[in-house]
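Below is one structure, written out as structure tokens; comments come after it.
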Amino acid sequence: MYRETNWALRPGRAEDVEAMAELRAEVMREDLVRLGRYDEHRVRQRLRDGFSPAHTSVIELDGALAGCVTVRPYEEGEGLYLEHFYLAPETRGRGLGTAVLRELLARADEASLQVRLVVLQGSAARRLYEREGFTFESEDPVDVLMVRNPRPPAAGR
């Protein structure tokens, strides 16, 4: 597991969009190809079209770009929508995603906010989300919508 001091979330900036679009294309390629949905242009453009520096954090590991995550208010009522959570392939499998997700969920819990996200059918990321308390809400042939209700504060905090 990564020590807290190794990684940081910094606010997104407009100039981050192309690096994030390239990261998305790299990270999602295998799953999108498996689902018959990979399009070289669309995979990047979808991030560009929805990029919001105000809601995006860049994940840095030892000061270098390691990924990104967007957390924005959910459109239909109270809560948050987690999207564009991508980690550079060389950083995966060592606990960074878990550490970042737990930090974001702790913030949501503190504000008593539900969190929703969409994960691709068959994606290994679904196991991470399930371990952290997300449950199935609905699905279609490509996407699975998951939701996590806020957890009460731990006793003694």
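Naming scheme: A, B, ... for chains in displayed order of the structure tokens; residues 1 onward per chain; ligands 1 onward as shown.
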Item to check | Distance query A:Ala14 at most 9 Å, only C-alpha atoms, self and fewer than 5 positions along chain excluded, as an MDAnalysis selection string | outcome: chainID A and resid 51:53
Output N, CA, C and O atoms for every residue in that selection, as a CSV table (one decimal), in the first residue's frame.
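That gives us result-v3.csv:
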chain,number,residue,atom,x,y,z
A,51,PHE,N,-14.5,17.4,-19.9
A,51,PHE,CA,-13.4,17.8,-18.9
A,51,PHE,C,-13.8,19.0,-18.2
A,51,PHE,O,-14.2,20.0,-18.7
A,52,SER,N,-13.7,18.9,-16.8
A,52,SER,CA,-14.0,20.0,-16.0
A,52,SER,C,-12.8,20.2,-15.0
A,52,SER,O,-12.8,19.5,-14.0
A,53,PRO,N,-11.9,21.1,-15.2
A,53,PRO,CA,-10.8,21.3,-14.3
A,53,PRO,C,-11.3,21.6,-12.9
A,53,PRO,O,-10.6,21.2,-11.9
Proximity check stretch 88-111 of chain A to stretch 16-24 of chain A, 12 Å, nearest pairs one decimal Å, only C-alpha atoms, as a tab-separated table:
residue	atom	partner	partner_atom	distance
A:Ala88	CA	A:Leu23	CA	6.7
A:Pro89	CA	A:Leu23	CA	9.1
A:Glu90	CA	A:Leu23	CA	11.7
Item to check | Atom-to-atom span, atom CA of A:Arg46 and atom CA of A:Glu83, Å | outcome: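 Taking atom CA of A:Arg46 and atom CA of A:Glu83, their separation equals 11.8 Å.
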Mind checking which residues fall within 10 Å of A:Arg107, counting only C-alpha atoms, ignoring those fewer than 6 positions away in the same chain, and posting them as a short mmCIF file (atom, residue, chain, number, x, y, z; two decimals) with C-alpha atoms, in the first residue's frame?
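Below is the file that was written, selection09.cif:
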data_model
loop_
_atom_site.label_atom_id
_atom_site.label_comp_id
_atom_site.auth_asym_id
_atom_site.auth_seq_id
_atom_site.Cartn_x
_atom_site.Cartn_y
_atom_site.Cartn_z
CA LEU A 101 -10.55 6.09 -3.67
CA LEU A 113 -23.07 12.25 0.28
CA PRO A 150 -22.38 7.43 2.92
#
Next on the checklist: What's around A:Leu105 at 9 Å? Count only C-alpha atoms, leave out sequence neighbours fewer than 3 positions away in its own chain, and write the answer as an MDAnalysis selection string.
Outcome noted: chainID A and resid 100:102 108:110 115 132 148 150
Could you write those residues out with C-alpha atoms, as a PDB file, in the first residue's frame?
ATOM      1  CA  VAL A 100      -7.040   7.544  -3.683  1.00  0.00           C
ATOM      2  CA  LEU A 101     -10.552   6.087  -3.671  1.00  0.00           C
ATOM      3  CA  ARG A 102     -10.592   5.815   0.120  1.00  0.00           C
ATOM      4  CA  ALA A 108     -18.042  12.077   0.713  1.00  0.00           C
ATOM      5  CA  ASP A 109     -18.799  10.321   3.998  1.00  0.00           C
ATOM      6  CA  GLU A 110     -17.885  13.444   5.948  1.00  0.00           C
ATOM      7  CA  VAL A 115     -21.433   8.458  -4.648  1.00  0.00           C
ATOM      8  CA  GLU A 132     -15.024  -0.108  -1.016  1.00  0.00           C
ATOM      9  CA  ARG A 148     -22.293   3.791  -2.467  1.00  0.00           C
ATOM     10  CA  PRO A 150     -22.383   7.429   2.924  1.00  0.00           C
TER      11      PRO A 150
END
Item to check | Every residue of stretch 39-98 of chain A that DSSP places in strand (DSSP E or B), as a PyMOL selection string | outcome: chain A and resi 56-61+64-73+80-87
Item to check | atom CA of A:Leu96 to atom CA of A:Leu35, straight-line distance in Å | outcome: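 Atom-to-atom, atom CA of A:Leu35 to atom CA of A:Leu96, that is 26.2 Å.
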Checklist entry - Which of these residues is nearest to A:Asn6, using only C-alpha atoms: A:Asp39, A:Asp31, A:Glu60, A:Glu26? => result A:Glu60
Item to check | Filtered DSSP result for stretch 20-154 of chain A, state alpha helix (DSSP H), as number ranges by chain | outcome: A: 20-34, 42-50, 96-110, 125-131
Next on the checklist: So that I can see what lies close to A:Leu65, please list as a PyMOL selection string the residues with an atom at most 10 Å from it, counting only C-alpha atoms and leaving out residues fewer than 2 positions away in the same chain.
Outcome noted: chain A and resi 7-8+19-20+58-63+67-68+87-88
With N, CA and C atoms retained, write the just-selected residues as a compact mmCIF listing (two decimals), in the first residue's frame.
# COMPACT_ATOMS: atom_id res chain seq x y z
N TRP A 7 1.88 10.03 -2.54
CA TRP A 7 0.97 10.51 -3.56
C TRP A 7 0.21 11.73 -3.07
N ALA A 8 -0.31 12.49 -4.05
CA ALA A 8 -1.09 13.68 -3.73
C ALA A 8 -2.10 13.92 -4.83
N ALA A 19 -3.20 15.37 -21.65
CA ALA A 19 -2.55 14.27 -20.93
C ALA A 19 -3.59 13.30 -20.38
N MET A 20 -4.71 13.82 -19.90
CA MET A 20 -5.77 12.97 -19.37
C MET A 20 -6.47 12.19 -20.48
N VAL A 58 -5.64 15.81 -10.36
CA VAL A 58 -4.56 15.05 -10.96
C VAL A 58 -3.87 14.29 -9.83
N ILE A 59 -3.66 13.01 -10.06
CA ILE A 59 -3.00 12.16 -9.07
C ILE A 59 -1.51 12.19 -9.39
N GLU A 60 -0.73 12.61 -8.41
CA GLU A 60 0.72 12.63 -8.57
C GLU A 60 1.35 11.65 -7.60
N LEU A 61 2.32 10.92 -8.08
CA LEU A 61 3.06 9.96 -7.28
C LEU A 61 4.51 10.41 -7.28
N ASP A 62 5.04 10.72 -6.11
CA ASP A 62 6.40 11.25 -5.99
C ASP A 62 6.60 12.43 -6.94
N GLY A 63 5.57 13.27 -7.08
CA GLY A 63 5.64 14.48 -7.89
C GLY A 63 5.39 14.30 -9.37
N GLY A 67 -2.13 9.76 -12.63
CA GLY A 67 -3.52 9.51 -12.99
C GLY A 67 -4.38 10.74 -12.78
N CYS A 68 -5.69 10.50 -12.82
CA CYS A 68 -6.65 11.58 -12.62
C CYS A 68 -7.95 10.99 -12.11
N LEU A 87 -5.53 5.42 -13.75
CA LEU A 87 -4.16 5.36 -13.23
C LEU A 87 -3.25 4.88 -14.34
N ALA A 88 -2.07 5.46 -14.42
CA ALA A 88 -1.08 5.00 -15.39
C ALA A 88 -0.80 3.52 -15.14
Checklist outcome for this item: Between A:Ser57, A:Thr70, A:Ser112, A:Thr98, smallest distance to A:Pro153 by only C-alpha atoms belongs to A:Ser112
Next on the checklist: I need the residue nearest A:Leu104 from this list: A:Ala64, A:Val118, A:Val69, A:Ser138. Use only C-alpha atoms for the distance.
Outcome noted: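 The shortest atom-to-atom distance to A:Leu104 comes from A:Val69.
Put simply, atom CA of A:Ala54 is 7.4 Å away from atom CA of A:Pro11.
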Checklist entry - Residues at most 9 Å from A:Thr135, counting only C-alpha atoms, excluding those fewer than 3 positions away in the same chain, as a ChimeraX atom specification? => result /A:129-130,145-148
Output N, CA, C and O atoms for every residue in the selection just made, as a short mmCIF file (atom, residue, chain, number, x, y, z; two decimals), in the first residue's frame.
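The resulting result_24.cif:
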data_model
loop_
_atom_site.label_atom_id
_atom_site.label_comp_id
_atom_site.auth_asym_id
_atom_site.auth_seq_id
_atom_site.Cartn_x
_atom_site.Cartn_y
_atom_site.Cartn_z
N TYR A 129 -14.20 -1.24 -6.57
CA TYR A 129 -15.38 -0.49 -6.15
C TYR A 129 -16.24 -1.31 -5.19
O TYR A 129 -16.74 -0.78 -4.19
N GLU A 130 -16.41 -2.58 -5.46
CA GLU A 130 -17.19 -3.44 -4.56
C GLU A 130 -16.52 -3.56 -3.20
O GLU A 130 -17.20 -3.52 -2.17
N LEU A 145 -23.87 0.67 -13.58
CA LEU A 145 -23.99 1.80 -12.67
C LEU A 145 -23.92 1.26 -11.25
O LEU A 145 -24.64 0.31 -10.90
N MET A 146 -23.04 1.86 -10.45
CA MET A 146 -22.87 1.43 -9.06
C MET A 146 -23.08 2.63 -8.14
O MET A 146 -22.87 3.77 -8.55
N VAL A 147 -23.47 2.34 -6.91
CA VAL A 147 -23.75 3.39 -5.94
C VAL A 147 -23.19 3.01 -4.58
O VAL A 147 -23.14 1.82 -4.24
N ARG A 148 -22.78 4.00 -3.84
CA ARG A 148 -22.29 3.79 -2.47
C ARG A 148 -22.93 4.84 -1.57
O ARG A 148 -22.79 6.04 -1.81
#
Item to check | Selection: 12 Å around A:Val33, only C-alpha atoms, excl. self and same-chain fewer than 5 positions, as a list of chain:residue names | outcome: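 Everything that qualifies: A:Ala25, A:Glu26, A:Val27, A:Met28, A:Tyr38, A:Asp39, A:Glu40, A:Val43, A:Leu120, A:Gln121, A:Gly122, A:Ser123, A:Val142.
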Write out, as a PDB file, in the first residue's frame, the residues just selected, with N, CA and C atoms.
ATOM      1  N   ALA A  25      -7.271   6.905 -23.116  1.00  0.00           N
ATOM      2  CA  ALA A  25      -7.181   6.024 -24.285  1.00  0.00           C
ATOM      3  C   ALA A  25      -6.328   4.797 -23.978  1.00  0.00           C
ATOM      4  N   GLU A  26      -5.219   4.996 -23.280  1.00  0.00           N
ATOM      5  CA  GLU A  26      -4.328   3.889 -22.943  1.00  0.00           C
ATOM      6  C   GLU A  26      -4.985   2.924 -21.962  1.00  0.00           C
ATOM      7  N   VAL A  27      -5.600   3.472 -20.918  1.00  0.00           N
ATOM      8  CA  VAL A  27      -6.152   2.651 -19.844  1.00  0.00           C
ATOM      9  C   VAL A  27      -7.396   1.888 -20.283  1.00  0.00           C
ATOM     10  N   MET A  28      -8.231   2.516 -21.102  1.00  0.00           N
ATOM     11  CA  MET A  28      -9.510   1.894 -21.457  1.00  0.00           C
ATOM     12  C   MET A  28      -9.452   1.028 -22.706  1.00  0.00           C
ATOM     13  N   TYR A  38     -14.124   0.190 -29.029  1.00  0.00           N
ATOM     14  CA  TYR A  38     -12.958   1.070 -29.089  1.00  0.00           C
ATOM     15  C   TYR A  38     -12.959   1.881 -30.376  1.00  0.00           C
ATOM     16  N   ASP A  39     -12.831   3.187 -30.226  1.00  0.00           N
ATOM     17  CA  ASP A  39     -12.685   4.103 -31.340  1.00  0.00           C
ATOM     18  C   ASP A  39     -11.569   5.073 -30.962  1.00  0.00           C
ATOM     19  N   GLU A  40     -10.513   5.081 -31.734  1.00  0.00           N
ATOM     20  CA  GLU A  40      -9.296   5.862 -31.451  1.00  0.00           C
ATOM     21  C   GLU A  40      -9.574   7.335 -31.158  1.00  0.00           C
ATOM     22  N   VAL A  43     -12.552   7.785 -27.890  1.00  0.00           N
ATOM     23  CA  VAL A  43     -12.079   7.523 -26.529  1.00  0.00           C
ATOM     24  C   VAL A  43     -11.417   8.764 -25.925  1.00  0.00           C
ATOM     25  N   LEU A 120     -17.162  -0.180 -16.790  1.00  0.00           N
ATOM     26  CA  LEU A 120     -17.426  -1.014 -17.962  1.00  0.00           C
ATOM     27  C   LEU A 120     -17.700  -2.454 -17.551  1.00  0.00           C
ATOM     28  N   GLN A 121     -18.594  -3.097 -18.263  1.00  0.00           N
ATOM     29  CA  GLN A 121     -18.875  -4.512 -18.044  1.00  0.00           C
ATOM     30  C   GLN A 121     -17.556  -5.288 -18.112  1.00  0.00           C
ATOM     31  N   GLY A 122     -17.309  -6.138 -17.127  1.00  0.00           N
ATOM     32  CA  GLY A 122     -16.131  -6.997 -17.128  1.00  0.00           C
ATOM     33  C   GLY A 122     -14.841  -6.323 -16.694  1.00  0.00           C
ATOM     34  N   SER A 123     -14.885  -5.058 -16.330  1.00  0.00           N
ATOM     35  CA  SER A 123     -13.678  -4.351 -15.925  1.00  0.00           C
ATOM     36  C   SER A 123     -13.194  -4.840 -14.566  1.00  0.00           C
ATOM     37  N   VAL A 142     -22.971  -2.436 -21.992  1.00  0.00           N
ATOM     38  CA  VAL A 142     -21.626  -1.870 -21.914  1.00  0.00           C
ATOM     39  C   VAL A 142     -21.264  -1.435 -20.495  1.00  0.00           C
TER      40      VAL A 142
END
Item to check | Residue with smallest distance to A:Ala124 - pool A:Arg92, A:Gly79, A:Thr56, A:Gln45, counting only C-alpha atoms | outcome: A:Arg92
